[in-house]
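Worksheet: one structure, shown below.
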Amino acid sequence: MTAAATATVALLSLSGTASASASAPAPALPQARVFMVNPVQSSGDQTLTDGKDGADAVPASAYATASLRNLDGSGGLSGKWAYVRSDTGASAKTADAGSYTRADDQFEQVMAYFWVNEAQEYLQGLGFGSELPGANNRAQAVRINQWGADNSFFTDKKAEIRFGKGGVDDAEDAEVIVHEYGHAVHNAQVPGFGTSPEAGAIGEAFGDYLAVEVGAHADSTYGWPRNADLACVADWDSVTYSAAPHCLRRIDGNKVYADRVGEVHADGEIWSRALFDIRGALGARTADRIIVNAQFGFAPDTSFRDAALTTIATAQRMYGTGAADAVRNAFKARQIPGIQ
């Protein structure tokens, strides 16, 4: 294994304030080497390639050292909001999490734990699980590199996420990890969500949007560089199947309702652009509180029209007419039927 220098990032512990009688500081949290979202995004280098999982294929500057939070103390990657159910190769140990590189199978395990935890912490920070209902506020099971194809998915049969391998292993890209977590959030909010083509497209769109949003929040919180387009999803995972600048999909496209083709990922770009516009109009925090809270009111087979009307009504209830008008305008710009 090639040792890689890391950029050290100071992260805040979530432990409570020590009482006046406490005589010793809280123990330090285990440290892990992770990608700052993904290597293409942090470096801006569109020429990076997978290099057969080689450690030298990615610059050392793409890594950061970060705290693993909310662990259960077992010594493995198991905690309050995430746990690795199974994996390929030896299971990662938290004591060694700061030494793994992408050449190690354990690196993807660490990435999955860190970024699933990060995504739920982001939702918690928006008030979900406290002033608002919890949105998948449970330990999310993940399986790493056990799907023998370059694809990942959430399955509601076991409420788990399975990350694939091939090309860039999917769990090396934080935006792929968080995209799949978005499906888990939707299913927790509305069991069985996505039973119609338009509901399926909304699910893909929310996964893309949440991936971008959690990555952007992490960059801002930890001072990580972002040298690629914010609206581009999965810049690293897509190096093997897209032209530069690499993107799996974008959330700032110009598709409208009439551009639907009946494929959920393609049609999702209509909905994700609306979400991105709501963010632009209201700011990330207000937009995301509305967007996620509205999803509790979706039906499993919701249409674009019904989901848009529910989101507008949620904005009105939470923040008033100005916010509702901003949400309405975002959906109206996508020419969604019934939005005036």
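Quick note on naming: the chains in the structure tokens go A, B, ... in the order shown, residues restart at 1 in each chain, and ligands are numbered from 1 in order of appearance.
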Practice problem: Name the residues in contact with stretch 33-49 of chain A at a cut-off of 9 Å, using only C-alpha atoms, excluding same-chain residues fewer than 2 positions from it; report them as a PyMOL selection string. | Solution: chain A and resi 6+31+51-52+57-59+61-67+97-101+107-108+110-111+114-115+167-168+172-175+215-216+218-219+224-230+234-237+239-240+244-246
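Secondary structure of stretch 195-259 of chain A, alpha helix (DSSP H) only (DSSP, backbone atoms): Pro197, Glu198, Ala199, Gly200, Ala201, Ile202, Gly203, Glu204, Ala205, Phe206, Gly207, Asp208, Tyr209, Leu210, Ala211, Val212, Glu213, Val214, Gly215, Ala216, His217, Ala218, Asp219, Ser220, Thr221 and Tyr222 of chain A.
The list of residues with at least one atom within 7 Å of stretch 274-278 of chain A, based on only C-alpha atoms and without residues fewer than 3 positions apart in the same chain, reads Ile251, Asp252, Ile270, Trp271, Ala281, Leu282, Ala287, Ala326, Val327, Ala330, Phe331 and Arg334 of chain A.
Counting only C-alpha atoms, the residue from A:Val256, A:Ala95, A:Ile177, A:Ala139 that sits nearest to A:Ser152 is A:Ile177.
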Quiz item: Between A:Cys232, A:Ala243, A:Ala135, A:Met318, which one has atoms that come closest to A:Gln295, using only C-alpha atoms?
Solution: A:Ala135
Exercise. Extract, using only C-alpha atoms, all DNA, RNA and protein residues at most 7 Å from A:Arg102, discarding same-chain residues fewer than 6 positions from it, and format them as a PyMOL selection string.
Key: chain A and resi 53-55
Quiz item: If you count only C-alpha atoms, which residues fall within 10 Å of A:Ala266, apart from same-chain ones fewer than 4 positions away, as a ChimeraX atom specification?
Solution: /A:201,204-205,249-250,255,259-262,270
Shell around A:Leu132 at 12 Å using only C-alpha atoms, local window under 3 positions removed, as an mmCIF file with all heavy atoms, in the first residue's frame:
```cif
data_model
loop_
_atom_site.group_PDB
_atom_site.id
_atom_site.type_symbol
_atom_site.label_atom_id
_atom_site.label_comp_id
_atom_site.auth_asym_id
_atom_site.auth_seq_id
_atom_site.Cartn_x
_atom_site.Cartn_y
_atom_site.Cartn_z
ATOM 1 N N LEU A 123 -29.392 16.338 7.794
ATOM 2 C CA LEU A 123 -30.831 16.382 8.006
ATOM 3 C C LEU A 123 -31.167 16.726 9.453
ATOM 4 O O LEU A 123 -32.104 17.494 9.715
ATOM 5 C CB LEU A 123 -31.455 15.041 7.616
ATOM 6 C CG LEU A 123 -31.369 14.676 6.128
ATOM 7 C CD1 LEU A 123 -31.844 13.251 5.904
ATOM 8 C CD2 LEU A 123 -32.172 15.653 5.280
ATOM 9 N N GLN A 124 -30.412 16.166 10.386
ATOM 10 C CA GLN A 124 -30.628 16.510 11.794
ATOM 11 C C GLN A 124 -30.422 18.003 12.023
ATOM 12 O O GLN A 124 -31.159 18.648 12.767
ATOM 13 C CB GLN A 124 -29.675 15.707 12.681
ATOM 14 C CG GLN A 124 -29.930 14.210 12.720
ATOM 15 C CD GLN A 124 -31.115 13.824 13.581
ATOM 16 O OE1 GLN A 124 -31.325 14.404 14.642
ATOM 17 N NE2 GLN A 124 -31.885 12.848 13.127
ATOM 18 N N GLY A 125 -29.408 18.562 11.364
ATOM 19 C CA GLY A 125 -29.135 19.987 11.498
ATOM 20 C C GLY A 125 -30.232 20.873 10.942
ATOM 21 O O GLY A 125 -30.366 22.038 11.333
ATOM 22 N N LEU A 126 -31.039 20.328 10.029
ATOM 23 C CA LEU A 126 -32.189 21.058 9.500
ATOM 24 C C LEU A 126 -33.401 20.964 10.420
ATOM 25 O O LEU A 126 -34.417 21.606 10.168
ATOM 26 C CB LEU A 126 -32.571 20.508 8.125
ATOM 27 C CG LEU A 126 -31.548 20.666 6.997
ATOM 28 C CD1 LEU A 126 -32.048 19.954 5.741
ATOM 29 C CD2 LEU A 126 -31.261 22.130 6.710
ATOM 30 N N GLY A 127 -33.297 20.147 11.460
ATOM 31 C CA GLY A 127 -34.396 19.998 12.402
ATOM 32 C C GLY A 127 -35.162 18.707 12.274
ATOM 33 O O GLY A 127 -36.096 18.459 13.047
ATOM 34 N N PHE A 128 -34.792 17.839 11.322
ATOM 35 C CA PHE A 128 -35.495 16.565 11.173
ATOM 36 C C PHE A 128 -35.022 15.593 12.252
ATOM 37 O O PHE A 128 -33.849 15.282 12.366
ATOM 38 C CB PHE A 128 -35.263 16.000 9.763
ATOM 39 C CG PHE A 128 -35.908 16.844 8.698
ATOM 40 C CD1 PHE A 128 -35.161 17.777 7.997
ATOM 41 C CD2 PHE A 128 -37.267 16.747 8.450
ATOM 42 C CE1 PHE A 128 -35.753 18.584 7.038
ATOM 43 C CE2 PHE A 128 -37.869 17.549 7.497
ATOM 44 C CZ PHE A 128 -37.121 18.477 6.783
ATOM 45 N N GLY A 129 -35.983 15.162 13.040
ATOM 46 C CA GLY A 129 -35.662 14.342 14.199
ATOM 47 C C GLY A 129 -35.765 15.102 15.497
ATOM 48 O O GLY A 129 -35.604 14.528 16.576
ATOM 49 N N ALA A 135 -36.270 11.888 9.412
ATOM 50 C CA ALA A 135 -36.217 11.443 8.014
ATOM 51 C C ALA A 135 -35.119 10.397 7.897
ATOM 52 O O ALA A 135 -33.951 10.723 7.737
ATOM 53 C CB ALA A 135 -35.957 12.624 7.078
ATOM 54 N N ASN A 137 -34.058 8.588 10.348
ATOM 55 C CA ASN A 137 -33.168 8.739 11.505
ATOM 56 C C ASN A 137 -33.049 7.405 12.248
ATOM 57 O O ASN A 137 -33.586 7.194 13.329
ATOM 58 C CB ASN A 137 -33.647 9.854 12.433
ATOM 59 C CG ASN A 137 -35.074 9.672 12.908
ATOM 60 O OD1 ASN A 137 -35.861 8.963 12.302
ATOM 61 N ND2 ASN A 137 -35.414 10.338 13.999
ATOM 62 N N ARG A 289 -35.360 22.480 4.166
ATOM 63 C CA ARG A 289 -36.400 22.196 5.160
ATOM 64 C C ARG A 289 -37.757 22.033 4.475
ATOM 65 O O ARG A 289 -38.535 21.142 4.816
ATOM 66 C CB ARG A 289 -36.444 23.306 6.205
ATOM 67 C CG ARG A 289 -35.344 23.179 7.257
ATOM 68 C CD ARG A 289 -35.204 24.459 8.083
ATOM 69 N NE ARG A 289 -36.432 24.872 8.739
ATOM 70 C CZ ARG A 289 -36.849 24.435 9.939
ATOM 71 N NH1 ARG A 289 -36.115 23.535 10.606
ATOM 72 N NH2 ARG A 289 -37.967 24.879 10.476
ATOM 73 N N ILE A 290 -38.037 22.862 3.501
ATOM 74 C CA ILE A 290 -39.288 22.753 2.759
ATOM 75 C C ILE A 290 -39.309 21.484 1.912
ATOM 76 O O ILE A 290 -40.275 20.702 1.949
ATOM 77 C CB ILE A 290 -39.484 23.985 1.850
ATOM 78 C CG1 ILE A 290 -39.704 25.244 2.694
ATOM 79 C CG2 ILE A 290 -40.656 23.774 0.895
ATOM 80 C CD1 ILE A 290 -39.625 26.538 1.901
ATOM 81 N N VAL A 292 -37.603 18.613 1.999
ATOM 82 C CA VAL A 292 -37.667 17.331 2.708
ATOM 83 C C VAL A 292 -38.974 17.195 3.470
ATOM 84 O O VAL A 292 -39.606 16.128 3.456
ATOM 85 C CB VAL A 292 -36.452 17.169 3.645
ATOM 86 C CG1 VAL A 292 -36.556 15.868 4.431
ATOM 87 C CG2 VAL A 292 -35.152 17.202 2.849
ATOM 88 N N ASN A 293 -39.424 18.254 4.119
ATOM 89 C CA ASN A 293 -40.662 18.175 4.889
ATOM 90 C C ASN A 293 -41.854 17.885 3.987
ATOM 91 O O ASN A 293 -42.764 17.134 4.363
ATOM 92 C CB ASN A 293 -40.878 19.477 5.650
ATOM 93 C CG ASN A 293 -41.807 19.316 6.835
ATOM 94 O OD1 ASN A 293 -41.927 18.237 7.414
ATOM 95 N ND2 ASN A 293 -42.473 20.394 7.214
ATOM 96 N N ALA A 294 -41.849 18.456 2.792
ATOM 97 C CA ALA A 294 -42.955 18.219 1.864
ATOM 98 C C ALA A 294 -43.079 16.749 1.495
ATOM 99 O O ALA A 294 -44.187 16.237 1.265
ATOM 100 C CB ALA A 294 -42.759 19.052 0.606
ATOM 101 N N PHE A 296 -42.973 14.111 3.153
ATOM 102 C CA PHE A 296 -43.829 13.302 4.023
ATOM 103 C C PHE A 296 -45.254 13.238 3.484
ATOM 104 O O PHE A 296 -45.989 12.295 3.787
ATOM 105 C CB PHE A 296 -43.848 13.874 5.446
ATOM 106 C CG PHE A 296 -42.581 13.664 6.217
ATOM 107 C CD1 PHE A 296 -41.708 14.716 6.436
ATOM 108 C CD2 PHE A 296 -42.258 12.418 6.734
ATOM 109 C CE1 PHE A 296 -40.536 14.532 7.165
ATOM 110 C CE2 PHE A 296 -41.085 12.221 7.460
ATOM 111 C CZ PHE A 296 -40.225 13.283 7.668
ATOM 112 N N MET A 318 -44.883 26.680 6.255
ATOM 113 C CA MET A 318 -43.671 26.857 7.052
ATOM 114 C C MET A 318 -43.154 28.288 7.049
ATOM 115 O O MET A 318 -42.676 28.783 8.074
ATOM 116 C CB MET A 318 -42.570 25.920 6.543
ATOM 117 C CG MET A 318 -42.847 24.446 6.737
ATOM 118 S SD MET A 318 -41.508 23.389 6.086
ATOM 119 C CE MET A 318 -40.212 23.680 7.311
#
```
Quiz prompt | Within 10 Å of A:Ala299 using only C-alpha atoms, minus same-chain residues under 5 positions, as number ranges by chain | solution = A: 190-196, 199, 306-307
Using all heavy atoms, can you export the residues from the last selection as an mmCIF file, in the first residue's frame?
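result-v7.cif was written with the following content:
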```cif
data_model
loop_
_atom_site.group_PDB
_atom_site.id
_atom_site.type_symbol
_atom_site.label_atom_id
_atom_site.label_comp_id
_atom_site.auth_asym_id
_atom_site.auth_seq_id
_atom_site.Cartn_x
_atom_site.Cartn_y
_atom_site.Cartn_z
ATOM 1 N N VAL A 190 -42.006 7.750 3.021
ATOM 2 C CA VAL A 190 -43.183 7.194 2.356
ATOM 3 C C VAL A 190 -42.844 5.767 1.933
ATOM 4 O O VAL A 190 -42.241 5.553 0.879
ATOM 5 C CB VAL A 190 -43.570 8.031 1.113
ATOM 6 C CG1 VAL A 190 -44.825 7.463 0.454
ATOM 7 C CG2 VAL A 190 -43.763 9.490 1.474
ATOM 8 N N PRO A 191 -43.171 4.777 2.746
ATOM 9 C CA PRO A 191 -42.814 3.398 2.398
ATOM 10 C C PRO A 191 -43.314 3.022 1.011
ATOM 11 O O PRO A 191 -44.453 3.290 0.636
ATOM 12 C CB PRO A 191 -43.510 2.580 3.489
ATOM 13 C CG PRO A 191 -43.558 3.518 4.668
ATOM 14 C CD PRO A 191 -43.798 4.878 4.077
ATOM 15 N N GLY A 192 -42.410 2.423 0.232
ATOM 16 C CA GLY A 192 -42.753 2.018 -1.118
ATOM 17 C C GLY A 192 -42.738 3.138 -2.126
ATOM 18 O O GLY A 192 -43.245 2.982 -3.246
ATOM 19 N N PHE A 193 -42.122 4.263 -1.779
ATOM 20 C CA PHE A 193 -42.134 5.415 -2.680
ATOM 21 C C PHE A 193 -41.508 5.073 -4.030
ATOM 22 O O PHE A 193 -40.493 4.383 -4.103
ATOM 23 C CB PHE A 193 -41.371 6.592 -2.070
ATOM 24 C CG PHE A 193 -41.428 7.831 -2.933
ATOM 25 C CD1 PHE A 193 -42.540 8.641 -2.903
ATOM 26 C CD2 PHE A 193 -40.393 8.146 -3.796
ATOM 27 C CE1 PHE A 193 -42.623 9.758 -3.719
ATOM 28 C CE2 PHE A 193 -40.459 9.253 -4.610
ATOM 29 C CZ PHE A 193 -41.581 10.064 -4.573
ATOM 30 N N GLY A 194 -42.136 5.582 -5.099
ATOM 31 C CA GLY A 194 -41.568 5.423 -6.430
ATOM 32 C C GLY A 194 -42.270 4.409 -7.297
ATOM 33 O O GLY A 194 -41.654 3.836 -8.192
ATOM 34 N N THR A 195 -43.570 4.189 -7.080
ATOM 35 C CA THR A 195 -44.271 3.137 -7.816
ATOM 36 C C THR A 195 -44.848 3.605 -9.147
ATOM 37 O O THR A 195 -45.444 2.811 -9.863
ATOM 38 C CB THR A 195 -45.400 2.534 -6.956
ATOM 39 O OG1 THR A 195 -46.318 3.577 -6.586
ATOM 40 C CG2 THR A 195 -44.825 1.887 -5.705
ATOM 41 N N SER A 196 -44.702 4.865 -9.485
ATOM 42 C CA SER A 196 -45.101 5.370 -10.796
ATOM 43 C C SER A 196 -43.875 5.976 -11.471
ATOM 44 O O SER A 196 -42.897 6.320 -10.801
ATOM 45 C CB SER A 196 -46.193 6.427 -10.656
ATOM 46 O OG SER A 196 -45.662 7.612 -10.073
ATOM 47 N N ALA A 199 -43.111 9.416 -9.946
ATOM 48 C CA ALA A 199 -42.580 9.284 -8.589
ATOM 49 C C ALA A 199 -41.147 8.760 -8.628
ATOM 50 O O ALA A 199 -40.282 9.217 -7.870
ATOM 51 C CB ALA A 199 -43.468 8.364 -7.760
ATOM 52 N N ASP A 306 -48.898 16.715 -8.359
ATOM 53 C CA ASP A 306 -49.310 16.592 -6.960
ATOM 54 C C ASP A 306 -48.144 16.860 -6.007
ATOM 55 O O ASP A 306 -48.322 17.488 -4.958
ATOM 56 C CB ASP A 306 -49.891 15.202 -6.699
ATOM 57 C CG ASP A 306 -51.256 15.018 -7.344
ATOM 58 O OD1 ASP A 306 -51.855 16.023 -7.778
ATOM 59 O OD2 ASP A 306 -51.720 13.857 -7.421
ATOM 60 N N ALA A 307 -46.954 16.380 -6.358
ATOM 61 C CA ALA A 307 -45.794 16.622 -5.499
ATOM 62 C C ALA A 307 -45.438 18.103 -5.472
ATOM 63 O O ALA A 307 -45.062 18.649 -4.433
ATOM 64 C CB ALA A 307 -44.610 15.796 -5.977
#
```
Quiz item: Can you list, as a ChimeraX atom specification, every residue of stretch 93-156 of chain A that DSSP puts in strand (DSSP E or B)?
Solution: /A:128,132,140-147,153-155
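Each of A:His179, A:His265, A:Arg285, A:Lys332 was compared to A:Ala308 using only C-alpha atoms, and A:Lys332 turns out to be the nearest.
Coordinates place atom CA of A:Asp208 at a distance of 24.7 Å from atom CA of A:Asp87.
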Quiz item: Of the candidates A:Gly203, A:Ile312, A:Leu248, A:Arg279, which one gets nearest to A:Val264 if we count only C-alpha atoms?
Solution: A:Gly203
